[in-house]
Amino acid sequence: MFEITKKLIEMRDEKNALFQAKLTPGVNENLFLGIKIPVLRKLAKEYLKDPEAEKFMHKLPHKYFDENMLHAAMLCELKDYDKATEEIERFLPFVDNWAVCDTIIPKVYKKNPEGLIFKVKEWMNSPETYTCRFGTGTLMRFYLDDSFKPEYLELPAKIVSDEYYVNMMTAWYYATALAKHWDETVIYIEEKRLPKWVHNKSIQKARESFRVSDDRKEYLKSLKV
């Protein structure tokens, strides 16, 4: 057992473990140690300086949810773009829940939007639930501000999936896009270009957002199907 894993087990918080398990359905509740995310982020920065870190990240699958969360937090701190992408693609096949998936937000990805978009498209086309979700989440986080292009709005619309966690991320994407790029995005709602569930969930999430004006919320309400 890695020293990293032993340290996590020593930090076990049973009360928080039960709380986390309730938020993450589909993962065995016995695999939660209950370590809080800010603590894991701090540990990630420390452990990346340890020679054992790379061995830990390459020994997959991990047993505990918290090991996966620590791994995800480590990926966020990698400084080299190519290294980060290589390690993410090594890890994604073992991601089996939304919490770990959504923790992977590499800081280095802000520096290479032109190159990254090709990987984003590849991930979004994956039949694997959490690889697809990660791709859409990456598009949402890095391509709705300075790197936004209207044609990127078409990418999530092409996803056809019965997976709840894929469709929820797609809805989150469009709700965020409505808040940031209303004119370009509302067309997708008006013309009903999205699957019905995604369409309605996008409207719901946008109407829950403080970044969308009241009059636009009312207009979206009238577009529910």
# chains A, B, ... in the order shown; residues from 1 in each chain; ligands from 1
call {"tool": "closest_atom_pairs", "arguments": {"of": "segment 42-106 of chain A", "to": "segment 15-19 of chain A", "cutoff": "12 Å", "atoms": "only C-alpha atoms", "output": "JSON lines"}}
result
{"residue": "A:Tyr64", "atom": "CA", "partner": "A:Ala17", "partner_atom": "CA", "distance": 11.1}
{"residue": "A:Phe65", "atom": "CA", "partner": "A:Ala17", "partner_atom": "CA", "distance": 9.7}
{"residue": "A:Asp66", "atom": "CA", "partner": "A:Ala17", "partner_atom": "CA", "distance": 9.5}
call {"tool": "select_by_dssp", "arguments": {"residues": "segment 127-198 of chain A", "states": "helix (DSSP H, G or I)", "output": "PDB file with N, CA and C atoms, in the first residue's frame"}}
result
ATOM      1  N   THR A 129     -19.329   7.208 -20.435  1.00  0.00           N
ATOM      2  CA  THR A 129     -20.102   8.263 -19.764  1.00  0.00           C
ATOM      3  C   THR A 129     -19.242   9.404 -19.241  1.00  0.00           C
ATOM      4  N   TYR A 130     -18.230   9.071 -18.452  1.00  0.00           N
ATOM      5  CA  TYR A 130     -17.499  10.133 -17.772  1.00  0.00           C
ATOM      6  C   TYR A 130     -16.409  10.759 -18.616  1.00  0.00           C
ATOM      7  N   THR A 131     -15.994  10.086 -19.676  1.00  0.00           N
ATOM      8  CA  THR A 131     -15.099  10.727 -20.634  1.00  0.00           C
ATOM      9  C   THR A 131     -15.886  11.774 -21.418  1.00  0.00           C
ATOM     10  N   CYS A 132     -17.093  11.402 -21.837  1.00  0.00           N
ATOM     11  CA  CYS A 132     -17.966  12.339 -22.542  1.00  0.00           C
ATOM     12  C   CYS A 132     -18.322  13.519 -21.646  1.00  0.00           C
ATOM     13  N   ARG A 133     -18.676  13.240 -20.403  1.00  0.00           N
ATOM     14  CA  ARG A 133     -19.009  14.318 -19.459  1.00  0.00           C
ATOM     15  C   ARG A 133     -17.814  15.238 -19.248  1.00  0.00           C
ATOM     16  N   PHE A 134     -16.626  14.651 -19.129  1.00  0.00           N
ATOM     17  CA  PHE A 134     -15.426  15.459 -18.931  1.00  0.00           C
ATOM     18  C   PHE A 134     -15.200  16.381 -20.127  1.00  0.00           C
ATOM     19  N   GLY A 135     -15.406  15.857 -21.333  1.00  0.00           N
ATOM     20  CA  GLY A 135     -15.221  16.682 -22.522  1.00  0.00           C
ATOM     21  C   GLY A 135     -16.165  17.869 -22.542  1.00  0.00           C
ATOM     22  N   THR A 136     -17.436  17.625 -22.242  1.00  0.00           N
ATOM     23  CA  THR A 136     -18.422  18.711 -22.234  1.00  0.00           C
ATOM     24  C   THR A 136     -18.134  19.699 -21.113  1.00  0.00           C
ATOM     25  N   GLY A 137     -17.726  19.173 -19.962  1.00  0.00           N
ATOM     26  CA  GLY A 137     -17.379  20.046 -18.842  1.00  0.00           C
ATOM     27  C   GLY A 137     -16.177  20.922 -19.166  1.00  0.00           C
ATOM     28  N   THR A 138     -15.215  20.369 -19.889  1.00  0.00           N
ATOM     29  CA  THR A 138     -14.033  21.140 -20.286  1.00  0.00           C
ATOM     30  C   THR A 138     -14.423  22.234 -21.276  1.00  0.00           C
ATOM     31  N   LEU A 139     -15.335  21.901 -22.208  1.00  0.00           N
ATOM     32  CA  LEU A 139     -15.825  22.911 -23.144  1.00  0.00           C
ATOM     33  C   LEU A 139     -16.517  24.039 -22.389  1.00  0.00           C
ATOM     34  N   MET A 140     -17.294  23.692 -21.377  1.00  0.00           N
ATOM     35  CA  MET A 140     -18.007  24.695 -20.592  1.00  0.00           C
ATOM     36  C   MET A 140     -17.050  25.592 -19.813  1.00  0.00           C
ATOM     37  N   ARG A 141     -16.035  24.998 -19.231  1.00  0.00           N
ATOM     38  CA  ARG A 141     -15.151  25.755 -18.335  1.00  0.00           C
ATOM     39  C   ARG A 141     -14.129  26.612 -19.074  1.00  0.00           C
ATOM     40  N   PHE A 142     -13.721  26.187 -20.259  1.00  0.00           N
ATOM     41  CA  PHE A 142     -12.630  26.881 -20.938  1.00  0.00           C
ATOM     42  C   PHE A 142     -13.023  27.567 -22.254  1.00  0.00           C
ATOM     43  N   PRO A 150     -19.111  30.808 -31.522  1.00  0.00           N
ATOM     44  CA  PRO A 150     -20.494  30.333 -31.646  1.00  0.00           C
ATOM     45  C   PRO A 150     -20.611  28.902 -32.150  1.00  0.00           C
ATOM     46  N   GLU A 151     -19.688  28.477 -33.012  1.00  0.00           N
ATOM     47  CA  GLU A 151     -19.784  27.110 -33.548  1.00  0.00           C
ATOM     48  C   GLU A 151     -19.567  26.035 -32.487  1.00  0.00           C
ATOM     49  N   TYR A 152     -18.941  26.409 -31.371  1.00  0.00           N
ATOM     50  CA  TYR A 152     -18.743  25.427 -30.301  1.00  0.00           C
ATOM     51  C   TYR A 152     -20.068  25.014 -29.665  1.00  0.00           C
ATOM     52  N   LEU A 153     -21.083  25.874 -29.782  1.00  0.00           N
ATOM     53  CA  LEU A 153     -22.394  25.558 -29.221  1.00  0.00           C
ATOM     54  C   LEU A 153     -23.006  24.323 -29.884  1.00  0.00           C
ATOM     55  N   GLU A 154     -22.561  24.032 -31.077  1.00  0.00           N
ATOM     56  CA  GLU A 154     -23.109  22.904 -31.816  1.00  0.00           C
ATOM     57  C   GLU A 154     -22.594  21.568 -31.280  1.00  0.00           C
ATOM     58  N   LEU A 155     -21.435  21.576 -30.638  1.00  0.00           N
ATOM     59  CA  LEU A 155     -20.798  20.318 -30.227  1.00  0.00           C
ATOM     60  C   LEU A 155     -21.632  19.510 -29.233  1.00  0.00           C
ATOM     61  N   PRO A 156     -22.093  20.093 -28.122  1.00  0.00           N
ATOM     62  CA  PRO A 156     -22.916  19.294 -27.194  1.00  0.00           C
ATOM     63  C   PRO A 156     -24.263  18.898 -27.798  1.00  0.00           C
ATOM     64  N   ALA A 157     -24.757  19.698 -28.731  1.00  0.00           N
ATOM     65  CA  ALA A 157     -26.056  19.396 -29.348  1.00  0.00           C
ATOM     66  C   ALA A 157     -26.008  18.101 -30.153  1.00  0.00           C
ATOM     67  N   TYR A 164     -27.775   9.747 -17.697  1.00  0.00           N
ATOM     68  CA  TYR A 164     -28.166  10.920 -16.913  1.00  0.00           C
ATOM     69  C   TYR A 164     -27.017  11.897 -16.732  1.00  0.00           C
ATOM     70  N   TYR A 165     -25.833  11.392 -16.388  1.00  0.00           N
ATOM     71  CA  TYR A 165     -24.719  12.276 -16.062  1.00  0.00           C
ATOM     72  C   TYR A 165     -24.102  12.929 -17.286  1.00  0.00           C
ATOM     73  N   VAL A 166     -24.342  12.364 -18.461  1.00  0.00           N
ATOM     74  CA  VAL A 166     -23.954  13.027 -19.703  1.00  0.00           C
ATOM     75  C   VAL A 166     -24.947  14.147 -20.011  1.00  0.00           C
ATOM     76  N   ASN A 167     -26.221  13.814 -19.935  1.00  0.00           N
ATOM     77  CA  ASN A 167     -27.256  14.799 -20.274  1.00  0.00           C
ATOM     78  C   ASN A 167     -27.315  15.954 -19.276  1.00  0.00           C
ATOM     79  N   MET A 168     -27.036  15.665 -18.017  1.00  0.00           N
ATOM     80  CA  MET A 168     -27.031  16.732 -17.017  1.00  0.00           C
ATOM     81  C   MET A 168     -25.906  17.736 -17.291  1.00  0.00           C
ATOM     82  N   MET A 169     -24.738  17.234 -17.677  1.00  0.00           N
ATOM     83  CA  MET A 169     -23.635  18.144 -18.002  1.00  0.00           C
ATOM     84  C   MET A 169     -23.959  18.954 -19.250  1.00  0.00           C
ATOM     85  N   THR A 170     -24.610  18.326 -20.226  1.00  0.00           N
ATOM     86  CA  THR A 170     -24.999  19.060 -21.434  1.00  0.00           C
ATOM     87  C   THR A 170     -25.960  20.193 -21.080  1.00  0.00           C
ATOM     88  N   ALA A 171     -26.919  19.911 -20.216  1.00  0.00           N
ATOM     89  CA  ALA A 171     -27.864  20.941 -19.775  1.00  0.00           C
ATOM     90  C   ALA A 171     -27.148  22.050 -19.008  1.00  0.00           C
ATOM     91  N   TRP A 172     -26.199  21.665 -18.173  1.00  0.00           N
ATOM     92  CA  TRP A 172     -25.417  22.650 -17.413  1.00  0.00           C
ATOM     93  C   TRP A 172     -24.651  23.550 -18.380  1.00  0.00           C
ATOM     94  N   TYR A 173     -24.108  22.939 -19.429  1.00  0.00           N
ATOM     95  CA  TYR A 173     -23.370  23.709 -20.437  1.00  0.00           C
ATOM     96  C   TYR A 173     -24.276  24.766 -21.062  1.00  0.00           C
ATOM     97  N   TYR A 174     -25.463  24.361 -21.521  1.00  0.00           N
ATOM     98  CA  TYR A 174     -26.334  25.314 -22.210  1.00  0.00           C
ATOM     99  C   TYR A 174     -26.897  26.368 -21.257  1.00  0.00           C
ATOM    100  N   ALA A 175     -27.134  25.998 -20.030  1.00  0.00           N
ATOM    101  CA  ALA A 175     -27.600  26.987 -19.051  1.00  0.00           C
ATOM    102  C   ALA A 175     -26.526  28.050 -18.828  1.00  0.00           C
ATOM    103  N   THR A 176     -25.277  27.612 -18.745  1.00  0.00           N
ATOM    104  CA  THR A 176     -24.173  28.550 -18.567  1.00  0.00           C
ATOM    105  C   THR A 176     -23.986  29.399 -19.814  1.00  0.00           C
ATOM    106  N   ALA A 177     -24.125  28.762 -20.977  1.00  0.00           N
ATOM    107  CA  ALA A 177     -23.999  29.501 -22.234  1.00  0.00           C
ATOM    108  C   ALA A 177     -25.104  30.549 -22.369  1.00  0.00           C
ATOM    109  N   LEU A 178     -26.307  30.222 -21.911  1.00  0.00           N
ATOM    110  CA  LEU A 178     -27.400  31.199 -21.940  1.00  0.00           C
ATOM    111  C   LEU A 178     -27.065  32.414 -21.084  1.00  0.00           C
ATOM    112  N   ALA A 179     -26.391  32.181 -19.978  1.00  0.00           N
ATOM    113  CA  ALA A 179     -26.020  33.285 -19.092  1.00  0.00           C
ATOM    114  C   ALA A 179     -24.918  34.160 -19.700  1.00  0.00           C
ATOM    115  N   LYS A 180     -24.026  33.533 -20.453  1.00  0.00           N
ATOM    116  CA  LYS A 180     -22.860  34.264 -20.963  1.00  0.00           C
ATOM    117  C   LYS A 180     -22.999  34.731 -22.410  1.00  0.00           C
ATOM    118  N   TRP A 182     -26.199  34.899 -24.530  1.00  0.00           N
ATOM    119  CA  TRP A 182     -27.639  34.719 -24.716  1.00  0.00           C
ATOM    120  C   TRP A 182     -28.041  34.669 -26.183  1.00  0.00           C
ATOM    121  N   ASP A 183     -27.657  35.654 -26.950  1.00  0.00           N
ATOM    122  CA  ASP A 183     -28.132  35.767 -28.331  1.00  0.00           C
ATOM    123  C   ASP A 183     -27.780  34.542 -29.173  1.00  0.00           C
ATOM    124  N   GLU A 184     -26.558  34.047 -29.005  1.00  0.00           N
ATOM    125  CA  GLU A 184     -26.121  32.896 -29.789  1.00  0.00           C
ATOM    126  C   GLU A 184     -26.734  31.586 -29.296  1.00  0.00           C
ATOM    127  N   THR A 185     -27.004  31.523 -28.001  1.00  0.00           N
ATOM    128  CA  THR A 185     -27.440  30.257 -27.400  1.00  0.00           C
ATOM    129  C   THR A 185     -28.949  30.069 -27.412  1.00  0.00           C
ATOM    130  N   VAL A 186     -29.698  31.117 -27.226  1.00  0.00           N
ATOM    131  CA  VAL A 186     -31.151  30.984 -27.093  1.00  0.00           C
ATOM    132  C   VAL A 186     -31.766  30.388 -28.364  1.00  0.00           C
ATOM    133  N   ILE A 187     -31.074  30.523 -29.479  1.00  0.00           N
ATOM    134  CA  ILE A 187     -31.546  29.932 -30.745  1.00  0.00           C
ATOM    135  C   ILE A 187     -31.719  28.414 -30.604  1.00  0.00           C
ATOM    136  N   TYR A 188     -30.811  27.802 -29.849  1.00  0.00           N
ATOM    137  CA  TYR A 188     -30.877  26.346 -29.668  1.00  0.00           C
ATOM    138  C   TYR A 188     -32.132  25.949 -28.894  1.00  0.00           C
ATOM    139  N   ILE A 189     -32.598  26.849 -28.041  1.00  0.00           N
ATOM    140  CA  ILE A 189     -33.815  26.590 -27.275  1.00  0.00           C
ATOM    141  C   ILE A 189     -35.046  26.914 -28.125  1.00  0.00           C
ATOM    142  N   GLU A 190     -35.002  28.053 -28.787  1.00  0.00           N
ATOM    143  CA  GLU A 190     -36.138  28.473 -29.615  1.00  0.00           C
ATOM    144  C   GLU A 190     -36.431  27.478 -30.738  1.00  0.00           C
ATOM    145  N   LYS A 196     -35.388  16.549 -25.749  1.00  0.00           N
ATOM    146  CA  LYS A 196     -36.407  17.141 -24.882  1.00  0.00           C
ATOM    147  C   LYS A 196     -35.930  17.286 -23.437  1.00  0.00           C
ATOM    148  N   TRP A 197     -35.368  16.233 -22.856  1.00  0.00           N
ATOM    149  CA  TRP A 197     -34.950  16.301 -21.448  1.00  0.00           C
ATOM    150  C   TRP A 197     -33.874  17.362 -21.257  1.00  0.00           C
ATOM    151  N   VAL A 198     -32.900  17.373 -22.158  1.00  0.00           N
ATOM    152  CA  VAL A 198     -31.812  18.355 -22.079  1.00  0.00           C
ATOM    153  C   VAL A 198     -32.362  19.760 -22.276  1.00  0.00           C
TER     154      VAL A 198
END
call {"tool": "atom_distance", "arguments": {"atom1": "atom CA of Lys158 of chain A", "atom2": "atom CA of Lys224 of chain A"}}
result
20.0 Å
call {"tool": "atom_distance", "arguments": {"atom1": "atom CA of Ile159 of chain A", "atom2": "atom CA of Pro61 of chain A"}}
result
27.7 Å
call {"tool": "residues_around", "arguments": {"residues": "Asp50 of chain A", "least_positions_apart": "6", "cutoff": "12 Å", "atoms": "only C-alpha atoms", "output": "PyMOL selection string"}}
result
chain A and resi 2-4+43-44+56-57+74
call {"tool": "write_last_selection", "arguments": {"atoms": "N, CA, C and O atoms", "output": "mmCIF file, in the first residue's frame"}}
result
data_model
loop_
_atom_site.group_PDB
_atom_site.id
_atom_site.type_symbol
_atom_site.label_atom_id
_atom_site.label_comp_id
_atom_site.auth_asym_id
_atom_site.auth_seq_id
_atom_site.Cartn_x
_atom_site.Cartn_y
_atom_site.Cartn_z
ATOM 1 N N PHE A 2 0.517 2.208 -0.810
ATOM 2 C CA PHE A 2 1.272 3.451 -0.870
ATOM 3 C C PHE A 2 1.151 4.226 0.441
ATOM 4 O O PHE A 2 0.119 4.176 1.116
ATOM 5 N N GLU A 3 2.215 4.951 0.779
ATOM 6 C CA GLU A 3 2.169 5.814 1.959
ATOM 7 C C GLU A 3 1.072 6.856 1.810
ATOM 8 O O GLU A 3 0.442 7.261 2.790
ATOM 9 N N ILE A 4 0.841 7.280 0.580
ATOM 10 C CA ILE A 4 -0.223 8.245 0.320
ATOM 11 C C ILE A 4 -1.572 7.674 0.757
ATOM 12 O O ILE A 4 -2.360 8.340 1.431
ATOM 13 N N LEU A 43 -3.237 18.455 -0.102
ATOM 14 C CA LEU A 43 -2.399 17.263 -0.148
ATOM 15 C C LEU A 43 -1.857 17.028 -1.554
ATOM 16 O O LEU A 43 -0.715 16.603 -1.726
ATOM 17 N N ALA A 44 -2.686 17.314 -2.563
ATOM 18 C CA ALA A 44 -2.262 17.102 -3.949
ATOM 19 C C ALA A 44 -1.022 17.919 -4.270
ATOM 20 O O ALA A 44 -0.071 17.415 -4.893
ATOM 21 N N PHE A 56 1.791 6.288 -7.691
ATOM 22 C CA PHE A 56 0.418 6.285 -7.189
ATOM 23 C C PHE A 56 -0.567 6.514 -8.333
ATOM 24 O O PHE A 56 -1.585 5.823 -8.458
ATOM 25 N N MET A 57 -0.274 7.482 -9.192
ATOM 26 C CA MET A 57 -1.188 7.810 -10.279
ATOM 27 C C MET A 57 -1.238 6.725 -11.351
ATOM 28 O O MET A 57 -2.243 6.568 -12.039
ATOM 29 N N MET A 74 -4.556 16.116 -8.142
ATOM 30 C CA MET A 74 -3.171 16.151 -8.622
ATOM 31 C C MET A 74 -3.111 16.553 -10.093
ATOM 32 O O MET A 74 -2.248 17.332 -10.509
#
call {"tool": "residues_around", "arguments": {"residues": "Lys55 of chain A", "least_positions_apart": "4", "cutoff": "12 Å", "atoms": "only C-alpha atoms", "output": "PDB file with N, CA and C atoms, in the first residue's frame"}}
result
ATOM      1  N   MET A   1       0.842  -1.196   0.000  1.00  0.00           N
ATOM      2  CA  MET A   1       0.000   0.000   0.000  1.00  0.00           C
ATOM      3  C   MET A   1       0.880   1.250   0.000  1.00  0.00           C
ATOM      4  N   PHE A   2       0.517   2.208  -0.810  1.00  0.00           N
ATOM      5  CA  PHE A   2       1.272   3.451  -0.870  1.00  0.00           C
ATOM      6  C   PHE A   2       1.151   4.226   0.441  1.00  0.00           C
ATOM      7  N   GLU A   3       2.215   4.951   0.779  1.00  0.00           N
ATOM      8  CA  GLU A   3       2.169   5.814   1.959  1.00  0.00           C
ATOM      9  C   GLU A   3       1.072   6.856   1.810  1.00  0.00           C
ATOM     10  N   ILE A   4       0.841   7.280   0.580  1.00  0.00           N
ATOM     11  CA  ILE A   4      -0.223   8.245   0.320  1.00  0.00           C
ATOM     12  C   ILE A   4      -1.572   7.674   0.757  1.00  0.00           C
ATOM     13  N   THR A   5      -1.819   6.418   0.402  1.00  0.00           N
ATOM     14  CA  THR A   5      -3.091   5.783   0.767  1.00  0.00           C
ATOM     15  C   THR A   5      -3.189   5.599   2.276  1.00  0.00           C
ATOM     16  N   TYR A  47       1.941  16.245  -2.370  1.00  0.00           N
ATOM     17  CA  TYR A  47       2.337  14.916  -2.833  1.00  0.00           C
ATOM     18  C   TYR A  47       2.950  14.930  -4.225  1.00  0.00           C
ATOM     19  N   LEU A  48       2.629  15.928  -5.041  1.00  0.00           N
ATOM     20  CA  LEU A  48       3.216  15.985  -6.375  1.00  0.00           C
ATOM     21  C   LEU A  48       4.733  16.181  -6.318  1.00  0.00           C
ATOM     22  N   ASP A  50       6.499  14.477  -4.239  1.00  0.00           N
ATOM     23  CA  ASP A  50       6.977  13.187  -3.735  1.00  0.00           C
ATOM     24  C   ASP A  50       7.207  12.227  -4.911  1.00  0.00           C
ATOM     25  N   PRO A  51       8.351  11.526  -4.926  1.00  0.00           N
ATOM     26  CA  PRO A  51       8.629  10.553  -5.997  1.00  0.00           C
ATOM     27  C   PRO A  51       7.551   9.465  -6.109  1.00  0.00           C
ATOM     28  N   LYS A  59      -0.817   3.438 -10.699  1.00  0.00           N
ATOM     29  CA  LYS A  59      -1.342   2.190 -10.147  1.00  0.00           C
ATOM     30  C   LYS A  59      -2.859   2.276 -10.108  1.00  0.00           C
ATOM     31  N   LEU A  60      -3.480   1.836 -11.189  1.00  0.00           N
ATOM     32  CA  LEU A  60      -4.932   1.937 -11.319  1.00  0.00           C
ATOM     33  C   LEU A  60      -5.559   0.557 -11.493  1.00  0.00           C
ATOM     34  N   HIS A  62      -7.697   2.688  -8.362  1.00  0.00           N
ATOM     35  CA  HIS A  62      -7.585   2.912  -6.925  1.00  0.00           C
ATOM     36  C   HIS A  62      -8.738   2.212  -6.219  1.00  0.00           C
ATOM     37  N   HIS A  71      -6.245  11.934  -6.778  1.00  0.00           N
ATOM     38  CA  HIS A  71      -5.665  11.797  -8.104  1.00  0.00           C
ATOM     39  C   HIS A  71      -6.167  12.923  -9.017  1.00  0.00           C
ATOM     40  N   GLU A  87      -1.786  12.073 -18.629  1.00  0.00           N
ATOM     41  CA  GLU A  87      -2.209  11.496 -17.349  1.00  0.00           C
ATOM     42  C   GLU A  87      -3.734  11.469 -17.231  1.00  0.00           C
TER      43      GLU A  87
END
